[in-house]
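Structure file my_file05.cif (mmCIF, C-alpha atoms) follows.
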```cif
data_input
loop_
_atom_site.group_PDB
_atom_site.id
_atom_site.type_symbol
_atom_site.label_atom_id
_atom_site.label_comp_id
_atom_site.auth_asym_id
_atom_site.auth_seq_id
_atom_site.Cartn_x
_atom_site.Cartn_y
_atom_site.Cartn_z
ATOM 1 C CA MET B 604 159.298 76.760 179.540
ATOM 2 C CA PRO B 605 162.346 79.056 179.430
ATOM 3 C CA LYS B 606 164.475 79.360 182.606
ATOM 4 C CA TRP B 607 163.712 83.058 183.051
ATOM 5 C CA PHE B 608 159.958 82.462 183.161
ATOM 6 C CA THR B 609 159.538 81.659 186.883
ATOM 7 C CA PRO B 610 161.699 84.555 188.232
ATOM 8 C CA ALA B 611 160.026 86.943 185.784
ATOM 9 C CA ALA B 612 156.575 85.724 186.872
ATOM 10 C CA ALA B 613 157.551 86.288 190.536
ATOM 11 C CA LEU B 614 158.785 89.783 189.680
ATOM 12 C CA CYS B 615 155.559 90.551 187.815
ATOM 13 C CA GLY B 616 153.501 89.381 190.798
ATOM 14 C CA ALA B 617 155.525 91.612 193.123
ATOM 15 C CA LEU B 618 155.081 94.593 190.772
ATOM 16 C CA PHE B 619 151.302 94.051 190.705
ATOM 17 C CA ALA B 620 151.188 93.719 194.496
ATOM 18 C CA PHE B 621 153.031 97.032 194.959
ATOM 19 C CA SER B 622 151.190 98.981 192.243
ATOM 20 C CA PRO B 623 148.073 99.922 194.337
ATOM 21 C CA ILE B 624 150.372 101.604 196.898
ATOM 22 C CA LEU B 625 152.098 103.615 194.173
ATOM 23 C CA ILE B 626 148.796 104.545 192.506
ATOM 24 C CA ALA B 627 147.210 105.569 195.814
ATOM 25 C CA GLY B 628 150.209 107.828 196.464
ATOM 26 C CA ALA B 629 149.890 109.633 193.106
ATOM 27 C CA PRO B 630 148.187 113.066 193.292
ATOM 28 C CA TYR B 631 144.565 113.596 192.268
ATOM 29 C CA GLU B 632 143.978 115.113 188.847
ATOM 30 C CA SER B 633 142.500 118.593 189.417
ATOM 31 C CA THR B 634 139.194 118.307 187.498
ATOM 32 C CA MET B 635 138.418 114.572 187.601
ATOM 33 C CA GLY B 636 139.625 113.685 191.088
ATOM 34 C CA LEU B 637 139.745 110.072 192.265
ATOM 35 C CA VAL B 638 138.207 108.490 189.159
ATOM 36 C CA GLN B 639 141.241 109.512 187.068
ATOM 37 C CA LYS B 640 143.224 106.808 188.908
ATOM 38 C CA ILE B 641 141.635 104.226 186.579
ATOM 39 C CA PHE B 642 144.099 105.688 184.062
ATOM 40 C CA TYR B 643 147.061 103.766 185.623
ATOM 41 C CA TYR B 644 145.625 100.408 184.529
ATOM 42 C CA HIS B 645 143.511 101.635 181.599
ATOM 43 C CA MET B 646 146.273 103.197 179.525
ATOM 44 C CA PRO B 647 148.926 100.432 179.917
ATOM 45 C CA SER B 648 146.331 97.804 179.005
ATOM 46 C CA ALA B 649 145.329 99.918 175.977
ATOM 47 C CA TRP B 650 148.984 100.025 174.900
ATOM 48 C CA MET B 651 149.270 96.230 175.337
ATOM 49 C CA PHE B 652 146.093 95.884 173.269
ATOM 50 C CA LEU B 653 147.702 97.858 170.418
ATOM 51 C CA LEU B 654 151.087 96.119 170.822
ATOM 52 C CA SER B 655 149.396 92.727 170.708
ATOM 53 C CA ALA B 656 147.479 93.626 167.537
ATOM 54 C CA ILE B 657 150.821 94.626 165.946
ATOM 55 C CA VAL B 658 152.521 91.383 167.096
ATOM 56 C CA CYS B 659 149.582 89.375 165.733
ATOM 57 C CA GLY B 660 149.720 91.176 162.366
ATOM 58 C CA VAL B 661 153.510 90.938 161.971
ATOM 59 C CA ALA B 662 153.527 87.232 162.917
ATOM 60 C CA SER B 663 150.628 86.620 160.505
ATOM 61 C CA ALA B 664 152.459 88.417 157.679
ATOM 62 C CA ARG B 665 155.560 86.310 158.348
ATOM 63 C CA TYR B 666 153.412 83.173 158.424
ATOM 64 C CA LEU B 667 151.795 84.073 155.096
ATOM 65 C CA ALA B 668 155.227 84.802 153.576
ATOM 66 C CA GLY B 669 157.201 81.882 155.013
ATOM 67 C CA GLY B 670 154.640 79.348 156.237
ATOM 68 C CA HIS B 671 156.492 78.623 159.490
ATOM 69 C CA ALA B 672 154.205 77.114 162.153
ATOM 70 C CA ARG B 673 155.999 79.084 164.891
ATOM 71 C CA HIS B 674 154.792 82.384 163.419
ATOM 72 C CA ASP B 675 151.253 81.048 163.242
ATOM 73 C CA ARG B 676 151.416 79.991 166.890
ATOM 74 C CA MET B 677 152.652 83.462 167.847
ATOM 75 C CA ALA B 678 149.855 85.142 165.843
ATOM 76 C CA TRP B 679 147.181 82.977 167.489
ATOM 77 C CA SER B 680 148.578 83.632 170.971
ATOM 78 C CA ALA B 681 148.834 87.386 170.313
ATOM 79 C CA ALA B 682 145.247 87.480 168.975
ATOM 80 C CA GLU B 683 144.000 85.968 172.231
ATOM 81 C CA LEU B 684 145.944 88.573 174.211
ATOM 82 C CA THR B 685 144.564 91.332 171.959
ATOM 83 C CA VAL B 686 141.072 90.240 172.973
ATOM 84 C CA LEU B 687 142.091 90.056 176.651
ATOM 85 C CA PHE B 688 143.746 93.484 176.877
ATOM 86 C CA GLY B 689 141.130 94.988 174.563
ATOM 87 C CA LEU B 690 138.403 93.799 176.912
ATOM 88 C CA VAL B 691 140.210 95.356 179.882
ATOM 89 C CA THR B 692 140.561 98.644 177.970
ATOM 90 C CA LEU B 693 136.962 98.707 176.745
ATOM 91 C CA VAL B 694 135.547 98.029 180.219
ATOM 92 C CA THR B 695 137.809 100.272 182.330
ATOM 93 C CA GLY B 696 137.384 103.168 179.833
ATOM 94 C CA PRO B 697 133.588 103.435 180.267
ATOM 95 C CA LEU B 698 133.935 103.130 184.069
ATOM 96 C CA TRP B 699 136.172 106.205 183.942
ATOM 97 C CA ALA B 700 134.037 107.976 181.325
ATOM 98 C CA ARG B 701 130.798 107.591 183.301
ATOM 99 C CA ARG B 702 132.183 109.855 186.006
ATOM 100 C CA ALA B 703 134.402 112.111 183.888
ATOM 101 C CA TRP B 704 132.217 112.592 180.787
ATOM 102 C CA GLY B 705 128.823 111.772 182.244
ATOM 103 C CA THR B 706 128.260 108.869 179.850
ATOM 104 C CA TRP B 707 129.312 105.232 179.624
ATOM 105 C CA TRP B 708 130.066 105.285 175.909
ATOM 106 C CA VAL B 709 130.534 107.751 173.054
ATOM 107 C CA TRP B 710 130.912 106.759 169.412
ATOM 108 C CA ASP B 711 133.961 108.984 168.940
ATOM 109 C CA PRO B 712 136.854 107.939 166.627
ATOM 110 C CA ARG B 713 139.159 106.595 169.394
ATOM 111 C CA VAL B 714 136.523 104.514 171.168
ATOM 112 C CA THR B 715 134.884 103.282 167.974
ATOM 113 C CA SER B 716 138.152 102.317 166.241
ATOM 114 C CA SER B 717 139.309 100.525 169.426
ATOM 115 C CA PHE B 718 136.046 98.585 169.477
ATOM 116 C CA VAL B 719 136.496 97.695 165.779
ATOM 117 C CA GLY B 720 140.091 96.539 166.492
ATOM 118 C CA TRP B 721 138.831 94.369 169.338
ATOM 119 C CA MET B 722 136.123 92.850 167.119
ATOM 120 C CA ILE B 723 138.739 92.044 164.437
ATOM 121 C CA ALA B 724 140.716 90.078 167.054
ATOM 122 C CA VAL B 725 137.525 88.296 168.152
ATOM 123 C CA ALA B 726 136.824 87.485 164.474
ATOM 124 C CA TYR B 727 140.348 86.019 164.212
ATOM 125 C CA LEU B 728 139.698 83.708 167.187
ATOM 126 C CA ILE B 729 136.273 82.654 165.875
ATOM 127 C CA LEU B 730 137.887 81.825 162.518
ATOM 128 C CA ARG B 731 140.595 79.749 164.212
ATOM 129 C CA ARG B 732 138.066 77.960 166.408
ATOM 130 C CA TYR B 733 135.338 77.204 163.851
ATOM 131 C CA GLY B 734 136.960 77.837 160.437
ATOM 132 C CA GLY B 735 138.158 74.260 159.914
ATOM 133 C CA PRO B 736 141.276 73.218 157.972
ATOM 134 C CA GLY B 737 142.986 76.065 156.128
ATOM 135 C CA SER B 738 141.450 78.760 158.317
ATOM 136 C CA GLU B 739 144.890 79.781 159.611
ATOM 137 C CA LYS B 740 145.706 81.610 156.359
ATOM 138 C CA LEU B 741 142.327 83.298 156.216
ATOM 139 C CA ALA B 742 142.720 84.335 159.873
ATOM 140 C CA ALA B 743 146.219 85.671 159.098
ATOM 141 C CA GLY B 744 144.632 87.923 156.474
ATOM 142 C CA VAL B 745 142.116 89.171 159.043
ATOM 143 C CA ALA B 746 144.995 89.901 161.455
ATOM 144 C CA LEU B 747 146.563 92.224 158.857
ATOM 145 C CA PHE B 748 143.413 94.366 158.946
ATOM 146 C CA GLY B 749 143.668 94.444 162.735
ATOM 147 C CA THR B 750 147.227 95.771 162.522
ATOM 148 C CA ALA B 751 146.308 98.327 159.856
ATOM 149 C CA ASN B 752 143.704 99.677 162.308
ATOM 150 C CA VAL B 753 146.323 100.353 165.044
ATOM 151 C CA PRO B 754 147.783 103.654 163.694
ATOM 152 C CA PHE B 755 144.225 104.858 163.103
ATOM 153 C CA ILE B 756 143.349 104.162 166.766
ATOM 154 C CA TYR B 757 146.485 105.956 167.954
ATOM 155 C CA ILE B 758 146.251 109.144 165.863
ATOM 156 C CA SER B 759 142.447 109.423 165.844
ATOM 157 C CA VAL B 760 142.431 111.706 168.903
ATOM 158 C CA ASN B 761 144.786 114.167 167.205
ATOM 159 C CA TYR B 762 142.923 114.465 163.890
ATOM 160 C CA TRP B 763 139.229 114.263 164.762
ATOM 161 C CA ARG B 764 137.125 116.190 167.217
ATOM 162 C CA THR B 765 136.741 114.016 170.293
ATOM 163 C CA ILE B 766 136.414 114.282 174.044
ATOM 164 C CA HIS B 767 139.036 111.560 174.537
ATOM 165 C CA PRO B 768 142.399 113.011 175.729
ATOM 166 C CA ALA B 769 145.010 113.556 172.982
ATOM 167 C CA THR B 770 148.336 111.671 172.747
ATOM 168 C CA SER B 771 150.135 114.802 174.005
ATOM 169 C CA VAL B 772 148.876 114.222 177.579
ATOM 170 C CA VAL B 773 151.365 111.504 178.612
ATOM 171 C CA PRO B 774 154.620 113.392 177.795
ATOM 172 C CA THR B 775 153.414 116.424 179.759
ATOM 173 C CA LEU B 776 152.543 114.549 182.967
ATOM 174 C CA PRO B 777 154.369 115.667 186.138
ATOM 175 C CA VAL B 778 156.798 113.119 187.629
ATOM 176 C CA SER B 779 154.414 112.392 190.509
ATOM 177 C CA MET B 780 151.877 111.032 188.001
ATOM 178 C CA GLY B 781 154.321 109.956 185.286
ATOM 179 C CA PHE B 782 156.311 107.588 187.503
ATOM 180 C CA PRO B 783 153.313 105.437 188.565
ATOM 181 C CA LEU B 784 152.168 105.409 184.943
ATOM 182 C CA TRP B 785 155.508 104.201 183.519
ATOM 183 C CA TYR B 786 155.784 101.713 186.401
ATOM 184 C CA CYS B 787 152.403 100.268 185.352
ATOM 185 C CA VAL B 788 153.430 100.290 181.678
ATOM 186 C CA ALA B 789 156.578 98.248 182.522
ATOM 187 C CA MET B 790 154.468 95.914 184.693
ATOM 188 C CA PHE B 791 151.886 95.325 181.950
ATOM 189 C CA LEU B 792 154.645 94.853 179.361
ATOM 190 C CA LEU B 793 156.257 92.168 181.511
ATOM 191 C CA LEU B 794 152.853 90.552 182.021
ATOM 192 C CA TYR B 795 152.268 90.644 178.261
ATOM 193 C CA VAL B 796 155.614 88.932 177.508
ATOM 194 C CA LEU B 797 154.899 86.278 180.167
ATOM 195 C CA LEU B 798 151.376 85.575 178.931
ATOM 196 C CA LEU B 799 152.550 85.441 175.301
ATOM 197 C CA THR B 800 155.309 82.981 176.227
ATOM 198 C CA LEU B 801 152.876 80.830 178.236
ATOM 199 C CA ARG B 802 150.213 80.893 175.522
ATOM 200 C CA MET B 803 152.765 79.998 172.829
ATOM 201 C CA HIS B 804 153.907 77.093 175.021
ATOM 202 C CA VAL B 805 150.306 75.824 175.003
ATOM 203 C CA GLU B 806 150.329 75.852 171.183
ATOM 204 C CA GLU B 807 153.724 74.103 171.119
ATOM 205 C CA GLN B 808 152.311 71.350 173.346
ATOM 206 C CA ARG B 809 149.265 71.084 171.084
ATOM 207 C CA ALA B 810 151.539 70.671 168.042
ATOM 208 C CA ARG B 811 153.568 68.076 169.924
ATOM 209 C CA LEU B 812 150.380 66.192 170.807
ATOM 210 C CA ASP B 813 149.277 66.199 167.150
ATOM 211 C CA ALA B 814 152.698 64.848 166.120
ATOM 212 C CA LEU B 815 152.406 62.087 168.743
ATOM 213 C CA TYR B 816 148.944 61.086 167.479
ATOM 214 C CA LEU B 817 150.339 60.868 163.926
ATOM 215 C CA ALA B 818 153.282 58.755 165.121
ATOM 216 C CA LEU B 819 150.872 56.446 166.986
ATOM 217 C CA ASP B 820 148.728 56.085 163.832
ATOM 218 C CA ASP B 821 151.815 55.199 161.782
ATOM 219 C CA ARG B 822 152.779 52.442 164.186
ATOM 220 C CA SER B 823 149.299 50.896 164.421
ATOM 221 C CA MET D 379 89.273 130.473 156.736
ATOM 222 C CA ARG D 380 92.108 132.937 156.284
ATOM 223 C CA VAL D 381 91.923 133.830 159.979
ATOM 224 C CA LEU D 382 92.199 130.154 160.939
ATOM 225 C CA ARG D 383 95.214 129.684 158.646
ATOM 226 C CA THR D 384 96.896 132.734 160.136
ATOM 227 C CA LEU D 385 96.265 131.396 163.631
ATOM 228 C CA ALA D 386 97.702 127.998 162.695
ATOM 229 C CA VAL D 387 100.855 129.625 161.293
ATOM 230 C CA LEU D 388 101.128 131.783 164.393
ATOM 231 C CA VAL D 389 100.851 128.755 166.671
ATOM 232 C CA ALA D 390 103.313 126.721 164.606
ATOM 233 C CA PHE D 391 106.040 129.316 164.202
ATOM 234 C CA VAL D 392 105.718 131.716 167.128
ATOM 235 C CA ILE D 393 103.812 130.394 170.102
ATOM 236 C CA ALA D 394 104.902 126.704 170.073
ATOM 237 C CA PRO D 395 108.664 127.444 169.915
ATOM 238 C CA ALA D 396 108.228 130.050 172.641
ATOM 239 C CA ILE D 397 106.505 127.494 174.900
ATOM 240 C CA LEU D 398 109.104 124.803 174.126
ATOM 241 C CA THR D 399 111.973 127.184 174.800
ATOM 242 C CA ALA D 400 110.440 128.271 178.088
ATOM 243 C CA ALA D 401 110.097 124.617 179.136
ATOM 244 C CA GLN D 402 113.800 123.918 178.634
ATOM 245 C CA PRO D 403 116.338 124.293 181.455
ATOM 246 C CA PRO D 404 118.452 127.476 181.371
ATOM 247 C CA ARG D 405 121.221 127.347 178.772
ATOM 248 C CA GLN D 406 124.703 126.535 180.015
ATOM 249 C CA ASP D 407 127.277 128.816 178.428
ATOM 250 C CA GLU D 408 130.481 127.280 179.714
ATOM 251 C CA PHE D 409 132.099 124.099 181.009
ATOM 252 C CA VAL D 410 131.223 123.225 184.589
ATOM 253 C CA PRO D 411 133.880 121.240 186.505
ATOM 254 C CA ILE D 412 132.639 117.998 188.039
ATOM 255 C CA SER D 413 133.405 119.286 191.530
ATOM 256 C CA GLU D 414 130.925 122.160 191.009
ATOM 257 C CA LEU D 415 128.018 120.022 189.822
ATOM 258 C CA PRO D 416 124.954 119.843 192.079
ATOM 259 C CA PRO D 417 125.091 116.814 194.454
ATOM 260 C CA GLN D 418 122.283 114.949 192.636
ATOM 261 C CA GLU D 419 124.355 114.961 189.420
ATOM 262 C CA GLN D 420 127.569 113.745 191.058
ATOM 263 C CA LEU D 421 128.497 110.073 190.988
ATOM 264 C CA PRO D 422 130.662 108.554 193.706
ATOM 265 C CA ALA D 423 134.061 107.777 192.130
ATOM 266 C CA ALA D 424 135.254 105.111 194.576
ATOM 267 C CA PRO D 425 132.930 102.275 193.380
ATOM 268 C CA LEU D 426 133.965 102.956 189.762
ATOM 269 C CA VAL D 427 137.702 102.936 190.586
ATOM 270 C CA ILE D 428 137.472 99.852 192.823
ATOM 271 C CA GLY D 429 135.244 98.131 190.240
ATOM 272 C CA ALA D 430 137.746 98.841 187.459
ATOM 273 C CA TYR D 431 140.711 97.445 189.418
ATOM 274 C CA ILE D 432 138.768 94.373 190.580
ATOM 275 C CA PHE D 433 137.631 93.742 186.995
ATOM 276 C CA VAL D 434 141.205 93.957 185.623
ATOM 277 C CA LEU D 435 142.599 91.580 188.246
ATOM 278 C CA ALA D 436 139.658 89.147 187.928
ATOM 279 C CA VAL D 437 139.989 88.989 184.120
ATOM 280 C CA LEU D 438 143.770 88.477 184.306
ATOM 281 C CA PHE D 439 143.435 85.714 186.920
ATOM 282 C CA ALA D 440 140.637 84.017 184.951
ATOM 283 C CA TYR D 441 142.757 84.059 181.795
ATOM 284 C CA LEU D 442 145.800 82.744 183.658
ATOM 285 C CA TYR D 443 143.689 79.930 185.122
ATOM 286 C CA SER D 444 142.293 79.107 181.668
ATOM 287 C CA VAL D 445 145.765 78.925 180.062
ATOM 288 C CA ALA D 446 147.203 76.922 182.981
ATOM 289 C CA SER D 447 144.383 74.362 182.844
ATOM 290 C CA ARG D 448 144.718 74.016 179.050
ATOM 291 C CA LEU D 449 148.472 73.488 179.441
ATOM 292 C CA LYS D 450 147.993 70.941 182.213
ATOM 293 C CA ALA D 451 145.505 68.898 180.137
ATOM 294 C CA LEU D 452 147.808 68.967 177.091
ATOM 295 C CA GLN D 453 150.865 67.929 179.112
ATOM 296 C CA ARG D 454 148.874 65.051 180.636
ATOM 297 C CA ASP D 455 147.882 63.832 177.146
ATOM 298 C CA VAL D 456 151.448 64.229 175.857
ATOM 299 C CA THR D 457 152.829 62.137 178.760
ATOM 300 C CA ARG D 458 150.169 59.457 178.208
ATOM 301 C CA LEU D 459 150.836 59.237 174.448
ATOM 302 C CA GLU D 460 154.609 59.164 174.932
ATOM 303 C CA GLY D 461 154.060 56.249 177.323
ATOM 304 C CA ASP D 462 151.876 54.468 174.742
ATOM 305 C CA LEU D 463 154.465 55.012 172.021
ATOM 306 C CA SER D 464 157.392 53.757 174.072
ATOM 307 C CA GLY D 465 155.267 50.733 175.125
ATOM 308 C CA ARG D 466 154.529 49.873 171.494
ATOM 309 C CA GLY D 467 158.183 50.404 170.578
ATOM 310 C CA ARG D 468 159.260 47.771 173.073
ATOM 311 C CA SER D 469 156.591 45.214 172.140
#
```
Rewritten as C-alpha cells:
Amino acid sequence: MPKWFTPAAALCGALFAFSPILIAGAPYESTMGLVQKIFYYHMPSAWMFLLSAIVCGVASARYLAGGHARHDRMAWSAAELTVLFGLVTLVTGPLWARRAWGTWWVWDPRVTSSFVGWMIAVAYLILRRYGGPGSEKLAAGVALFGTANVPFIYISVNYWRTIHPATSVVPTLPVSMGFPLWYCVAMFLLLYVLLLTLRMHVEEQRARLDALYLALDDRS
Amino acid sequence: MRVLRTLAVLVAFVIAPAILTAAQPPRQDEFVPISELPPQEQLPAAPLVIGAYIFVLAVLFAYLYSVASRLKALQRDVTRLEGDLSGRGRS
C-alpha cells in the first residue's frame, strides 16, 4: 500500500466523524425542512457514482486499446465502487423523496437513467464473476455503455420535465449550505480515492497469487 | 325502445360523470407546501434522515470489511505460496 494511505484514511475518518456536526449546523431548507439534510450525503455519493462510472469506462477503453492488466484492475475496482455509491444514491434519494415529493420513486429521466447506470455496473460485475475466461473484454465493452450514460444522467434534469432539482441548484446555494455540501464532496472524494486504491491493491494481490501458482506449477 | 336508449345515453354521458365528479375530493389549484399539509398527510422527517445516514455508514463499513477480509485472505495465501516456493528452491 502507498505511504500516504494510512494518514489519508485517518483524515477521512476524522472528516466523517465531524460531518454530522457540520450538517446539523446547516440551516433548514424553507419548504422541505429537516428531510433536506439527506442532501449532504446523497449528492456527494451521486457524484462519486458518476465519477466512478467515468473512471471505469476510461480504464476499460485504455484496457481495450492497450491490453494492460493495470487498466483492467482499475476498471473492475471502479465498477464495484460504482455499484456501491450507486446503491447509496438510489436508497437515500427515495428516503428524501418520500417526504419531499410524497412518493418513494418516480420514473423520471434522472432517476431512471441513474438506475440504468447502476444496473450496467451490476452487469459488469456479473460478467466478471460468471463470464469465464475472456469476459474482461466483454465487460470492458459494457463499461463503455455505462460511461456513455453519465452525461445523460447529468443533463436529464435540464432537458426533460422532472420534479428532480436541476443542476443550477448547487451553484446558487448560500454559503451556510454550500460549505457543508462541499465539505462532504471533498470527504466522499477522499473516501473514493482510498477505496479505489484499496480495491486495486486486492486485484494486485490476486494477480500476484496467480503468478505464484504458475511458478509453483512450473517447478513441480 | 328509443326511450330506453335515450336514458342509457343520458346515464352514460351526463349522470355518471356528474356522480363521479361529485365523489372526487375538491380540486387543488396550486402547490401546497409540506408544512401546510394536514397532520395526517405529514410524515415525520427524523426517521427518514437518521435512516439515510445509518444506511450510508452501514453500507460503507460493510464494504470496507468485505475488501479488508478479501485482502487478508489473499495476503495469507501469497505468504504461504512464497514459503512453499522458497522451500522448493532450497531442496
Separation of CA of Leu693 in chain B from CA of Gly628 in chain B in Å:
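If I compute the distance from CA of Gly628 in chain B to CA of Leu693 in chain B, I get 25.4 Å.
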Select, as a list in words, those residues of chain B with any atom no more than 7 Å from chain D (distances computed using only C-alpha atoms).
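Here is what falls inside 7 Å: Thr634, Met635, Leu637, Val638, Lys640, Ile641, Val691, Thr695, Leu698, Arg702, Arg802, Val805, Gln808, Arg809, Leu812, Leu815 and Leu819 of chain B.
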What does the PyMOL selection byres ((chain B and resi 772-779) around 12) select in this file, as a PyMOL selection string?
chain B and resi 625-632+642-643+646-647+760-761+767-771+780-786+788
Just the selected residues (C-alpha atoms), exported as a PDB file, in the coordinates of the input, please.
```
ATOM      1  CA  LEU B 625     152.098 103.615 194.173  1.00  0.00           C
ATOM      2  CA  ILE B 626     148.796 104.545 192.506  1.00  0.00           C
ATOM      3  CA  ALA B 627     147.210 105.569 195.814  1.00  0.00           C
ATOM      4  CA  GLY B 628     150.209 107.828 196.464  1.00  0.00           C
ATOM      5  CA  ALA B 629     149.890 109.633 193.106  1.00  0.00           C
ATOM      6  CA  PRO B 630     148.187 113.066 193.292  1.00  0.00           C
ATOM      7  CA  TYR B 631     144.565 113.596 192.268  1.00  0.00           C
ATOM      8  CA  GLU B 632     143.978 115.113 188.847  1.00  0.00           C
ATOM      9  CA  PHE B 642     144.099 105.688 184.062  1.00  0.00           C
ATOM     10  CA  TYR B 643     147.061 103.766 185.623  1.00  0.00           C
ATOM     11  CA  MET B 646     146.273 103.197 179.525  1.00  0.00           C
ATOM     12  CA  PRO B 647     148.926 100.432 179.917  1.00  0.00           C
ATOM     13  CA  VAL B 760     142.431 111.706 168.903  1.00  0.00           C
ATOM     14  CA  ASN B 761     144.786 114.167 167.205  1.00  0.00           C
ATOM     15  CA  HIS B 767     139.036 111.560 174.537  1.00  0.00           C
ATOM     16  CA  PRO B 768     142.399 113.011 175.729  1.00  0.00           C
ATOM     17  CA  ALA B 769     145.010 113.556 172.982  1.00  0.00           C
ATOM     18  CA  THR B 770     148.336 111.671 172.747  1.00  0.00           C
ATOM     19  CA  SER B 771     150.135 114.802 174.005  1.00  0.00           C
ATOM     20  CA  MET B 780     151.877 111.032 188.001  1.00  0.00           C
ATOM     21  CA  GLY B 781     154.321 109.956 185.286  1.00  0.00           C
ATOM     22  CA  PHE B 782     156.311 107.588 187.503  1.00  0.00           C
ATOM     23  CA  PRO B 783     153.313 105.437 188.565  1.00  0.00           C
ATOM     24  CA  LEU B 784     152.168 105.409 184.943  1.00  0.00           C
ATOM     25  CA  TRP B 785     155.508 104.201 183.519  1.00  0.00           C
ATOM     26  CA  TYR B 786     155.784 101.713 186.401  1.00  0.00           C
ATOM     27  CA  VAL B 788     153.430 100.290 181.678  1.00  0.00           C
TER      28      VAL B 788
END
```
I need the residue set behind the PyMOL selection byres ((chain B and resi 729) around 12) for this file; please write it as a VMD selection string.
chain B and resid 679 682 to 683 686 722 to 728 730 to 735 738 to 739 741 to 742 745
Given the selection you just returned, output its residues as a file containing C-alpha atoms, formatted as an mmCIF file, in the frame of the given file.
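Below you can see part-v2.cif, which holds the result:
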```cif
data_model
loop_
_atom_site.group_PDB
_atom_site.id
_atom_site.type_symbol
_atom_site.label_atom_id
_atom_site.label_comp_id
_atom_site.auth_asym_id
_atom_site.auth_seq_id
_atom_site.Cartn_x
_atom_site.Cartn_y
_atom_site.Cartn_z
ATOM 1 C CA TRP B 679 147.181 82.977 167.489
ATOM 2 C CA ALA B 682 145.247 87.480 168.975
ATOM 3 C CA GLU B 683 144.000 85.968 172.231
ATOM 4 C CA VAL B 686 141.072 90.240 172.973
ATOM 5 C CA MET B 722 136.123 92.850 167.119
ATOM 6 C CA ILE B 723 138.739 92.044 164.437
ATOM 7 C CA ALA B 724 140.716 90.078 167.054
ATOM 8 C CA VAL B 725 137.525 88.296 168.152
ATOM 9 C CA ALA B 726 136.824 87.485 164.474
ATOM 10 C CA TYR B 727 140.348 86.019 164.212
ATOM 11 C CA LEU B 728 139.698 83.708 167.187
ATOM 12 C CA LEU B 730 137.887 81.825 162.518
ATOM 13 C CA ARG B 731 140.595 79.749 164.212
ATOM 14 C CA ARG B 732 138.066 77.960 166.408
ATOM 15 C CA TYR B 733 135.338 77.204 163.851
ATOM 16 C CA GLY B 734 136.960 77.837 160.437
ATOM 17 C CA GLY B 735 138.158 74.260 159.914
ATOM 18 C CA SER B 738 141.450 78.760 158.317
ATOM 19 C CA GLU B 739 144.890 79.781 159.611
ATOM 20 C CA LEU B 741 142.327 83.298 156.216
ATOM 21 C CA ALA B 742 142.720 84.335 159.873
ATOM 22 C CA VAL B 745 142.116 89.171 159.043
#
```
Length of the CA of Met790 in chain B to CA of His645 in chain B vector [Å]
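About the pair CA of Met790 in chain B and CA of His645 in chain B: they are 12.7 Å apart.
Atom to atom, CA of Ser655 in chain B and CA of Pro712 in chain B stand 20.1 Å apart.
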Using only C-alpha atoms, pick whichever of B:Ile756, B:Leu799, B:Arg811, B:Leu793 has the shortest atom-to-atom distance to Gly616 in chain B.
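With only C-alpha atoms as the atom set, the closest residue is B:Leu793.
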